[in-house]
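Quick notes on the structure that follows.
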Amino acid sequence: MKLTLRVWRQKNADAEGAMSTYEVDGISPDMSFLEMLDTLNEELILEGEEPVAFDHDCREGICGACSLVINGDAHGPERTTTCQLHMRSFEDGDTIDVEPWRAAAFPVVKDLVVDRSAFDRIIQAGGYITAPTGAAPEAHATPVPKPDADFAFEHAECIGCGACVAACPNGAAMLFTSAKVNHLNVLPQGAPERETRVLDMVAQMDDEGFGGCTLAGECATACPKGIPLVSITSMNKEWLRATRKAAKR
Amino acid sequence: MTTYADYTTGEPVADTKAPAGPVNERWDTRRFEAKLVNPANRRKQTVIVVGTGLAGGSAGATLAEQGYRVVQFCYQDSPRRAHSIAAQGGINAAKNYRNDGDSIHRLFYDTVKGGDFRSRESNVHRLAQISVEIIDQCVAQGVPFAREYGGLLDTRSFGGVQVSRTFYARGQTGQQLLLGAYQALSRQIAAGGIEMHPRTEMLDLIVVDGRARGIVARDLITGKIGTYFADAVVLASGGYGNVFYLSTNAMNSNATAVWRAHRRGAYFANPCFTQIHPTCIPRTGDHQSKLTLMSESLRNDGRIWVPKAKGDDRPPNKIPEDERDYYLERIYPSFGNLVPRDIASRAAKNVCDEGRGVGPGGQGVYLDFADAIKRMGREAVEAKYGNLFDMYQRITDEDPYKVPMRIYPAVHYTMGGLWVDYDLQTTIPGLFAIGEANFSDHGANRLGASALMQGLADGYFVLPATINDYLARNPHKDEVDDAHPVVQEVLAETEDRLNLLLSVDGDRTPDSFHRELGELMWEFCGMARTDSGLRKALERIPQIREEFWRRIKVPGTGEEFNQSLEKANRIVDYLELAELMCLDALHRAESCGGHFREESQTPDGEAARKDDEFGYAAAWEFTGTGEAPTLHKEDLVFEYVHPTQRSYA
């Protein structure tokens with residue numbers, strides 16, 4: 001396959017960025033999208049140019065590092081991570097636009113690499129259960145109903161890639177935040193911190209400069225792990241409940 | 001002038017920290033005898049932790065809970081992305097919830113035997129004991145393990161073991177356990193107990209007056225090389241499978257932290273013990289950047305075969321039943337497709353070497369579900385393996401419900417690593433190694449669902465207890481800073497190395513060298529090794545190294561985000577580590593676990609151990625690049641599990 005790539009190049013966080021055009025040839029439909037970029041980079045190095053910087057690591061769809069907007073879609077045309085997207089999803093001769101996540105809370109580091117540390121700070125605000133090592137009771141002491149355990153798992157699947165933010169017209173992080181709130185709040189182990197967790201995490205999310213939610217639903221469409229849109233509704237319910245409870249105190 | 005296959009033998013090395021006495025009392029004894037640090041004094045002591053996977057994440061969180069000042073590093077943009085996240089299968093624990101005869105002693109026994117009698121009994125028994133506490137800890141943290149309708153935890157059996165002791169969270173157990181550790185870590189970061197440095201890579205170790213006192217690390221965004229000082233340093237930087245270029249490891253997983261520690265005096269043990277996993281998706285061409293594992297559970301219902309005739313390139317469905325060779329069922333009638341990982345991998349290599357492999361390049365065998373679909377129905381197969389079939393179809397664009405899957409072995413895990421004593425301390429006082437970075441628990445072969453168990457055992461329970469003893473005996477006194485001559489020297493060496501990489505301006509990319517080294521290692525130090533092959537590799541590696549420093553091309557500068565420089569610098573270390581792996585494989589003229597020497601096999605082609613000659617762990621001491629290293633042997637004593645020859649026929 002022969003392709004034309006239009007790639008966002010930006011030297012560093014402070015520099016002006018622009019789209020640059022490259023031609024790549026000899027691309028196999030079996031290549032992953034990132035292997036296609038590897039091919040481009042090998043050529044750029046030999047030509048003495050700087051290769052395109054992009055985040056990637058496990059290349060099997062679980063670490064959440066890869067983060068490209070391809071032809072305007074977070075992670076491209078298939079519902080998966082960029083590393084699991086293959087070139088057979090494109091046609092010979094296509095022109096493909098490759099951009100970084102675009103959101104105020106995810107500043108560009110270089111080229112296609114962005115800073116997602118805001119996500120870590122949201123988790124630090126309350127996305128955990130306080131269970132110091134050694135203090136744990138016997139695992140079977142508290143049975144968890146299977147539907148609750150399954151609900152927790154579905155939300156715990158979030159890989160923290162940030163596609164939800166990149167896809168959202170408002171740059172909101174509601175789906176990411178709600179996934180963690182729902183995972184922990186449904187479990188009996190998470191109950192003692194149920195209210196503080198949702199209030200603190202939402203407050204941190206707002207402080208980081210993520211946009212507000214207008215239920216556009218783009219986040220859930222882009223999510224490679226299928227975190228559902230109703231996740232946001234559940235979090236809103238948790239937040240209202242916690243706010244009312246706090247007001248009564 | 002030393003030749004490539006030279007080494008000298010030094011004094012034996014011994015584990016002086018494991019107490020004597022019955023094996024099931026040793027951990028209690030050690031915990032009691034280990035000195036403690038007064039809580040008020042812990043605030044004054046700093047521990048550096050490199051890596052945030054299961055071992056590093058759990059260790060950082062626990063040490064901070066204890067009150068130490070923790071300074072932690074990872075090369076990823078977030079500690080949540082460490083490669084433990086990709087583990088699929090599960091985590092073993094001797095809970096005996098099934099009442100099926102499991103016990104701590106049985107898990108201990110299975111692990112020593114599975115490691116082909118090349119691990120330490122004391123360490124393995126401790127691991128089995130702690131396994132029980134790990135599950136409690138993870139459940140308390142909210143890890144969503146699979147549960148039954150009664151609300152209790154579900155388990156499954158794994159890897160040929162006869163009890164059901166593997167706890168799991170669908171096919172994403174590693175992800176869920178890692179997020180549990182990451183959340184515990186996040187809690188401590190917010191509480192101020194941990195100073196976290198993401199996107200920062202350790203490039204060297206600082207050893208002052210014979211003790212590990214800090215690290216040199218590069219900020220991957222600004223390129224700034226910084227020094228960080230501490231009272232102890234913990235390496236939790238994972239394995240070295242990426243020496244092979246193609247492996248199931250993450251692209252950026254690397255050996256720099258452990259190799260640099262080795263160069264500074266830490267012994268490296270059993271580097272040739274690498275695990276090759278039989279069920280991975282075959283490569284499709286030279287562009288291949290990594291390999292993807294498919295859970296081993298597929299072998300429960302899939303049948304493995306190749307055509308009987310060489311070069312038979314008919315589509316699989318056109319090959320009649322009597323022209324197929326179900327070779328595992330033929331050679332191992334009682335275990336069939338369920339033989340252990342090393343045996344299944346080698347058998348696949350053998351049929352491909354005979355020219356009977358399938359798919360591009362003949363590097364693959366079929367894993368066929370046609371019979372299973374006939375027997376159980378498509379729905380049942382879908383319920384059991386649906387997510388794996390989807391993953392396979394996404395990568396290969398073939399429908400495994402209609403066409404047999406193609407699989408081939410790939411490098412997956414490294415049992416070797418830095419030599420550590422019972423306290424997980426290396427031969428450099430104050431330097432500890434935990435998780436896959438050390439060598440201690442899996443011997444020559446790791447059992448399925450045991451890597452997660454070891455990472456968390458080391459990080460949550462073992463290290464936090466043993467490091468106290470070191471810190472109590474070495475209370476914080478003198479500060480080290482950048483002005484110290486040793487620090488100046490390490491800094492200068494690091495800067496010189498990076499500058500040299502940037503200044504060669506040759507005509508080959510970092511990846512081209514990595515790929516060349518990987519192919520060489522796969523060929524000669526992969527699934528089957530021979531004296532002559534290993535000698536060839538040992539002759540070739542120094543040549544590649546010499547060419548590397550002549551022809552490498554790294555664009556850009558060191559004072560910026562530069563992924564080519566990161567790669568090239570990691571390859572520098574692979575080019576030395578690979579040599580030690582081959583030397584270790586050459587010197588160990590026996591077969592055991594993942595290390596198969598063709599010269600040492602039974603008449604029916606099984607691995608033949610030589611316990612009298614090689615019943616030791618090989619701990620190597622660095623003497624200089626290209627210089628003959630020194631071998632220190634640690635004798636392995638088996639008081640409880642007596643060595644036997646494995647048989648699966």
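Chain lettering (A, B, ...) mirrors the order of the structure tokens, residue numbering begins at 1 for each chain separately, and ligand numbering begins at 1 in order of display.
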Which residues of chain A come within 6 Å of chain B, and for each one, what is the closest pair of atoms and their distance in Å to one decimal, counting only C-alpha atoms, sorted by chain and residue number, as CSV?
```
residue,atom,partner,partner_atom,distance
A:Glu50,CA,B:Pro555,CA,5.8
A:Asp57,CA,B:Met251,CA,5.0
A:Cys58,CA,B:Ala250,CA,4.0
A:Cys63,CA,B:Arg81,CA,4.9
A:Gln124,CA,B:Ser186,CA,4.8
A:Tyr128,CA,B:Gln183,CA,5.0
A:Ile129,CA,B:Gln141,CA,5.4
A:Ala131,CA,B:Gln141,CA,5.7
A:Ala136,CA,B:Gln137,CA,5.2
A:Glu138,CA,B:Asp136,CA,5.4
A:Ala139,CA,B:Asp136,CA,4.4
A:Pro143,CA,B:Gly151,CA,4.6
A:Val144,CA,B:Gly151,CA,4.5
A:Pro145,CA,B:Gly151,CA,4.5
A:Lys146,CA,B:Tyr149,CA,5.3
A:Ala149,CA,B:Pro144,CA,5.9
A:Phe153,CA,B:Pro144,CA,5.4
```
Residue selection dump (N, CA and C atoms) as an mmCIF file, in the first residue's frame:
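Saved file selection06.cif follows:
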```cif
data_model
loop_
_atom_site.group_PDB
_atom_site.id
_atom_site.type_symbol
_atom_site.label_atom_id
_atom_site.label_comp_id
_atom_site.auth_asym_id
_atom_site.auth_seq_id
_atom_site.Cartn_x
_atom_site.Cartn_y
_atom_site.Cartn_z
ATOM 1 N N GLU A 50 14.181 14.155 12.192
ATOM 2 C CA GLU A 50 13.721 13.611 13.468
ATOM 3 C C GLU A 50 12.478 12.761 13.273
ATOM 4 N N ASP A 57 3.409 1.370 24.145
ATOM 5 C CA ASP A 57 4.228 0.467 24.950
ATOM 6 C C ASP A 57 3.843 -0.999 24.752
ATOM 7 N N CYS A 58 2.701 -1.424 25.310
ATOM 8 C CA CYS A 58 2.423 -2.863 25.282
ATOM 9 C C CYS A 58 2.070 -3.358 23.883
ATOM 10 N N CYS A 63 -2.243 -1.308 27.933
ATOM 11 C CA CYS A 63 -1.512 -0.367 28.794
ATOM 12 C C CYS A 63 -2.092 1.041 28.704
ATOM 13 N N GLN A 124 -5.487 10.128 42.419
ATOM 14 C CA GLN A 124 -4.892 10.455 43.722
ATOM 15 C C GLN A 124 -5.894 11.152 44.648
ATOM 16 N N TYR A 128 -9.231 5.206 45.159
ATOM 17 C CA TYR A 128 -8.608 4.048 45.809
ATOM 18 C C TYR A 128 -9.451 3.657 47.007
ATOM 19 N N ILE A 129 -9.146 2.467 47.551
ATOM 20 C CA ILE A 129 -9.744 2.060 48.819
ATOM 21 C C ILE A 129 -8.615 2.061 49.838
ATOM 22 N N ALA A 131 -6.624 0.622 52.196
ATOM 23 C CA ALA A 131 -6.415 -0.733 52.732
ATOM 24 C C ALA A 131 -4.923 -0.951 52.878
ATOM 25 N N ALA A 136 -5.620 -6.508 55.901
ATOM 26 C CA ALA A 136 -6.775 -7.069 55.206
ATOM 27 C C ALA A 136 -7.397 -8.236 55.961
ATOM 28 N N GLU A 138 -9.698 -11.791 56.004
ATOM 29 C CA GLU A 138 -9.811 -12.954 55.120
ATOM 30 C C GLU A 138 -10.735 -12.609 53.930
ATOM 31 N N ALA A 139 -10.290 -12.995 52.732
ATOM 32 C CA ALA A 139 -10.979 -12.575 51.507
ATOM 33 C C ALA A 139 -12.437 -13.004 51.470
ATOM 34 N N PRO A 143 -18.681 -11.610 51.340
ATOM 35 C CA PRO A 143 -19.091 -12.006 49.986
ATOM 36 C C PRO A 143 -19.563 -10.789 49.198
ATOM 37 N N VAL A 144 -19.327 -10.789 47.904
ATOM 38 C CA VAL A 144 -19.801 -9.700 47.045
ATOM 39 C C VAL A 144 -20.747 -10.322 46.029
ATOM 40 N N PRO A 145 -22.009 -9.863 45.973
ATOM 41 C CA PRO A 145 -22.933 -10.448 45.005
ATOM 42 C C PRO A 145 -22.350 -10.379 43.589
ATOM 43 N N LYS A 146 -22.527 -11.455 42.842
ATOM 44 C CA LYS A 146 -21.920 -11.531 41.517
ATOM 45 C C LYS A 146 -22.274 -10.347 40.616
ATOM 46 N N ALA A 149 -20.038 -7.574 41.562
ATOM 47 C CA ALA A 149 -18.653 -7.836 41.168
ATOM 48 C C ALA A 149 -18.484 -7.627 39.665
ATOM 49 N N PHE A 153 -16.186 -4.887 37.757
ATOM 50 C CA PHE A 153 -15.179 -5.270 36.764
ATOM 51 C C PHE A 153 -15.344 -4.480 35.469
#
```
Original post:
Near Asp399 (chain B), counting only C-alpha atoms, which residues have an atom at most 12 Å away, once you skip same-chain residues fewer than 2 positions from it, shown as a PyMOL selection string?
Top reply: chain B and resi 368-370+386+388-397+401-406
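The spacing separating CA of Gly238 (chain B) from CA of Gly56 (chain B) amounts to 9.2 Å.
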Shell of 10 Å around Ala465 (chain B), only C-alpha atoms, local chain residues under 3 positions omitted, as a PDB file with C-alpha atoms, in the first residue's frame:
```pdb
ATOM      1  CA  ARG B  30      13.655 -14.205  59.703  1.00  0.00           C
ATOM      2  CA  ARG B  31      10.908 -11.668  60.348  1.00  0.00           C
ATOM      3  CA  PHE B  32      11.485 -11.914  64.049  1.00  0.00           C
ATOM      4  CA  ALA B  34      15.268  -8.811  61.334  1.00  0.00           C
ATOM      5  CA  LYS B  35      15.921  -5.528  63.101  1.00  0.00           C
ATOM      6  CA  LEU B  36      13.228  -2.876  63.093  1.00  0.00           C
ATOM      7  CA  LEU B  63       7.174   1.369  52.290  1.00  0.00           C
ATOM      8  CA  ASP B 423      16.230 -10.714  52.030  1.00  0.00           C
ATOM      9  CA  ASP B 458       8.014  -9.383  47.035  1.00  0.00           C
ATOM     10  CA  GLY B 459       6.489  -5.907  47.007  1.00  0.00           C
ATOM     11  CA  TYR B 460       3.757  -6.099  49.630  1.00  0.00           C
ATOM     12  CA  PHE B 461       5.260  -8.536  52.100  1.00  0.00           C
ATOM     13  CA  VAL B 462       8.877  -9.629  51.701  1.00  0.00           C
ATOM     14  CA  ASN B 468      14.017  -2.746  57.707  1.00  0.00           C
ATOM     15  CA  ASP B 469      16.908  -4.920  58.780  1.00  0.00           C
ATOM     16  CA  TYR B 470      19.296  -3.230  56.371  1.00  0.00           C
TER      17      TYR B 470
END
```
Could you pull out the residues in region 33-66 of chain A that DSSP calls helix (DSSP H, G or I) from the backbone, as a PyMOL selection string?
chain A and resi 33-46
The distance between CA of Tyr616 (chain B) and CA of Tyr422 (chain B) is 15.8 Å
- Query: If you run DSSP on the backbone, which residues of region 296-434 of chain B are strand (DSSP E or B), as a PyMOL selection string?
  - Reply: chain B and resi 303-307+324-325+365-368+405-414+417-418+425+431-433
Record the distance separating CA of Met202 (chain B) and CA of Phe73 (chain B), expressed in Å with one decimal.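 Straight-line distance from CA of Met202 (chain B) to CA of Phe73 (chain B) works out to 7.7 Å.
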ask   = With distances taken over only C-alpha atoms, which of B:Pro409, B:Gly192, B:Gly362, B:Pro429 is nearest to Met294 (chain B)?
value =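 Ranked by minimum distance to Met294 (chain B), first place goes to B:Pro409.
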Got a sec: who's within 10 Å of Arg197 (chain A), counting only C-alpha atoms, leaving out chain neighbours fewer than 2 positions off, as a CSV table (one decimal) with C-alpha atoms, in the first residue's frame?
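Heads up, here's the output in part.csv:
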```csv
chain,number,residue,atom,x,y,z
A,123,ILE,CA,-7.1,9.0,41.0
A,125,ALA,CA,-7.9,12.6,44.9
A,126,GLY,CA,-9.8,9.5,45.9
A,127,GLY,CA,-9.7,6.7,43.3
A,128,TYR,CA,-8.6,4.0,45.8
A,129,ILE,CA,-9.7,2.1,48.8
A,180,LYS,CA,-13.3,4.5,38.8
A,181,VAL,CA,-16.1,5.9,41.0
A,184,LEU,CA,-15.1,1.2,43.8
A,185,ASN,CA,-18.4,2.6,45.1
A,190,GLY,CA,-15.4,0.8,49.0
A,191,ALA,CA,-18.4,1.8,51.0
A,192,PRO,CA,-16.7,3.8,53.9
A,193,GLU,CA,-15.2,6.3,51.4
A,194,ARG,CA,-18.1,6.3,49.0
A,195,GLU,CA,-19.1,10.0,49.5
A,199,LEU,CA,-16.9,14.5,45.7
A,200,ASP,CA,-13.1,14.7,45.8
A,201,MET,CA,-12.5,13.1,42.4
A,202,VAL,CA,-15.1,15.3,40.7
A,203,ALA,CA,-13.6,18.4,42.3
A,238,GLU,CA,-23.5,9.2,43.5
A,239,TRP,CA,-22.4,12.8,43.5
A,242,ALA,CA,-23.0,12.6,48.6
```
For Asn236 (chain A), find every residue with an atom within 12 Å (counting only C-alpha atoms), except residues of its own chain fewer than 2 positions away, and show them as a short mmCIF file (atom, residue, chain, number, x, y, z; two decimals) with N, CA and C atoms, in the first residue's frame.
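Dumped everything to selection11.cif:
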```
data_model
loop_
_atom_site.label_atom_id
_atom_site.label_comp_id
_atom_site.auth_asym_id
_atom_site.auth_seq_id
_atom_site.Cartn_x
_atom_site.Cartn_y
_atom_site.Cartn_z
N MET A 174 -15.52 12.95 32.18
CA MET A 174 -16.56 12.32 32.99
C MET A 174 -16.53 10.80 32.90
N LEU A 175 -16.28 10.26 31.70
CA LEU A 175 -16.33 8.81 31.56
C LEU A 175 -15.19 8.17 32.33
N THR A 177 -13.57 9.42 34.96
CA THR A 177 -13.78 9.57 36.40
C THR A 177 -14.90 8.64 36.88
N SER A 178 -15.96 8.56 36.10
CA SER A 178 -17.09 7.74 36.53
C SER A 178 -16.72 6.26 36.55
N ALA A 179 -15.85 5.84 35.64
CA ALA A 179 -15.46 4.42 35.61
C ALA A 179 -14.85 4.03 36.95
N VAL A 181 -15.09 5.75 39.92
CA VAL A 181 -16.06 5.93 41.00
C VAL A 181 -16.99 4.72 41.07
N ASN A 182 -17.51 4.28 39.92
CA ASN A 182 -18.45 3.16 39.92
C ASN A 182 -17.78 1.85 40.32
N GLU A 195 -18.75 8.57 49.75
CA GLU A 195 -19.10 9.98 49.50
C GLU A 195 -17.87 10.83 49.21
N VAL A 198 -16.35 10.32 45.56
CA VAL A 198 -16.96 10.94 44.37
C VAL A 198 -16.82 12.47 44.43
N LEU A 199 -16.97 13.04 45.61
CA LEU A 199 -16.87 14.50 45.71
C LEU A 199 -15.45 14.98 45.39
N VAL A 202 -14.45 14.36 41.57
CA VAL A 202 -15.11 15.30 40.66
C VAL A 202 -14.51 16.71 40.83
N CYS A 213 -19.88 18.17 31.08
CA CYS A 213 -20.52 17.11 30.30
C CYS A 213 -21.86 17.59 29.76
N LEU A 215 -23.57 15.29 27.80
CA LEU A 215 -24.08 13.99 27.38
C LEU A 215 -24.11 13.82 25.86
N LEU A 229 -22.07 4.74 28.49
CA LEU A 229 -22.43 6.13 28.80
C LEU A 229 -23.19 6.24 30.12
N VAL A 230 -24.01 5.22 30.46
CA VAL A 230 -24.79 5.29 31.70
C VAL A 230 -23.88 5.36 32.93
N SER A 231 -22.62 5.02 32.73
CA SER A 231 -21.63 5.14 33.80
C SER A 231 -21.64 6.57 34.36
N ILE A 232 -21.78 7.54 33.46
CA ILE A 232 -21.79 8.95 33.87
C ILE A 232 -23.03 9.24 34.73
N THR A 233 -24.17 8.68 34.29
CA THR A 233 -25.40 8.87 35.05
C THR A 233 -25.25 8.31 36.47
N SER A 234 -24.63 7.11 36.56
CA SER A 234 -24.44 6.51 37.88
C SER A 234 -23.57 7.42 38.75
N GLU A 238 -24.37 9.26 42.35
CA GLU A 238 -23.50 9.16 43.52
C GLU A 238 -23.14 10.54 44.05
N TRP A 239 -22.87 11.45 43.12
CA TRP A 239 -22.43 12.80 43.49
C TRP A 239 -23.57 13.56 44.19
N LEU A 240 -24.80 13.43 43.63
CA LEU A 240 -25.96 14.10 44.24
C LEU A 240 -26.23 13.55 45.64
N ARG A 241 -26.14 12.22 45.74
CA ARG A 241 -26.37 11.57 47.02
C ARG A 241 -25.36 12.07 48.05
N ALA A 242 -24.10 12.14 47.64
CA ALA A 242 -23.05 12.56 48.56
C ALA A 242 -23.21 14.04 48.93
N THR A 243 -23.60 14.85 47.96
CA THR A 243 -23.76 16.28 48.21
C THR A 243 -24.91 16.53 49.20
#
```
Near Gln84 (chain A), counting only C-alpha atoms, which residues have an atom at most 8 Å away, once you skip same-chain residues fewer than 2 positions from it, shown as a list in words? Ser32, Phe33, Arg59, Glu60, Gly61, Thr80, Thr81, Thr82 and His86 of chain A; Arg394 and Ile395 of chain B
Would you mind exporting N, CA and C atoms of the selected residues as a short mmCIF file (atom, residue, chain, number, x, y, z; two decimals), in the first residue's frame?
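Output saved as selection.cif:
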```cif
data_model
loop_
_atom_site.label_atom_id
_atom_site.label_comp_id
_atom_site.auth_asym_id
_atom_site.auth_seq_id
_atom_site.Cartn_x
_atom_site.Cartn_y
_atom_site.Cartn_z
N SER A 32 0.27 -3.17 11.93
CA SER A 32 -0.55 -2.34 12.80
C SER A 32 -0.28 -0.88 12.44
N PHE A 33 -1.15 0.00 12.87
CA PHE A 33 -0.97 1.43 12.54
C PHE A 33 0.37 1.92 13.08
N ARG A 59 1.48 -2.50 23.08
CA ARG A 59 1.03 -2.85 21.73
C ARG A 59 0.10 -4.06 21.72
N GLU A 60 -0.61 -4.27 22.81
CA GLU A 60 -1.65 -5.29 22.76
C GLU A 60 -2.96 -4.78 23.36
N GLY A 61 -3.10 -3.46 23.43
CA GLY A 61 -4.40 -2.90 23.76
C GLY A 61 -4.74 -2.81 25.23
N THR A 80 -11.19 0.21 18.94
CA THR A 80 -10.09 -0.47 19.60
C THR A 80 -9.01 0.57 19.87
N THR A 81 -7.89 0.14 20.47
CA THR A 81 -6.80 1.09 20.67
C THR A 81 -6.01 1.23 19.37
N THR A 82 -5.24 2.32 19.27
CA THR A 82 -4.47 2.57 18.05
C THR A 82 -3.54 1.40 17.74
N HIS A 86 -5.29 -2.08 12.39
CA HIS A 86 -4.41 -2.58 11.34
C HIS A 86 -4.63 -1.82 10.03
N ARG B 394 -8.85 -9.98 15.13
CA ARG B 394 -8.49 -8.58 14.92
C ARG B 394 -7.07 -8.48 14.37
N ILE B 395 -6.17 -9.30 14.91
CA ILE B 395 -4.77 -9.20 14.52
C ILE B 395 -4.50 -9.87 13.17
#
```
Point to revise | Nearby residues (only C-alpha atoms) at most 10 Å from Lys44 (chain B), same-chain spacing under 4 positions excluded, as a ChimeraX atom specification | key: /B:39-40,67-69,231,475-477
Using C-alpha atoms, can you write the selected residues to a file as a JSON list (two decimals), in the first residue's frame?
```
[["chain", "number", "residue", "atom", "x", "y", "z"],
["B", 39, "PRO", "CA", 8.78, 4.79, 63.30],
["B", 40, "ALA", "CA", 10.16, 8.23, 64.14],
["B", 67, "GLY", "CA", 6.68, 5.86, 57.07],
["B", 68, "TYR", "CA", 9.76, 5.81, 54.83],
["B", 69, "ARG", "CA", 10.35, 8.58, 52.32],
["B", 231, "ASP", "CA", 19.63, 5.10, 51.98],
["B", 475, "PRO", "CA", 21.14, 4.36, 59.93],
["B", 476, "HIS", "CA", 21.11, 7.56, 57.94],
["B", 477, "LYS", "CA", 24.31, 9.49, 58.55]]
```
From A:Gly226, A:Asp206, A:Ala166, A:Thr221, residue lying nearest Pro77 (chain A) [only C-alpha atoms]: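 Ranked by minimum distance to Pro77 (chain A), first place goes to A:Thr221.
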Using only C-alpha atoms, the residue out of B:Lys633, B:Gly302, B:Val490, B:Leu586 with shortest distance to Met376 (chain B) is B:Gly302
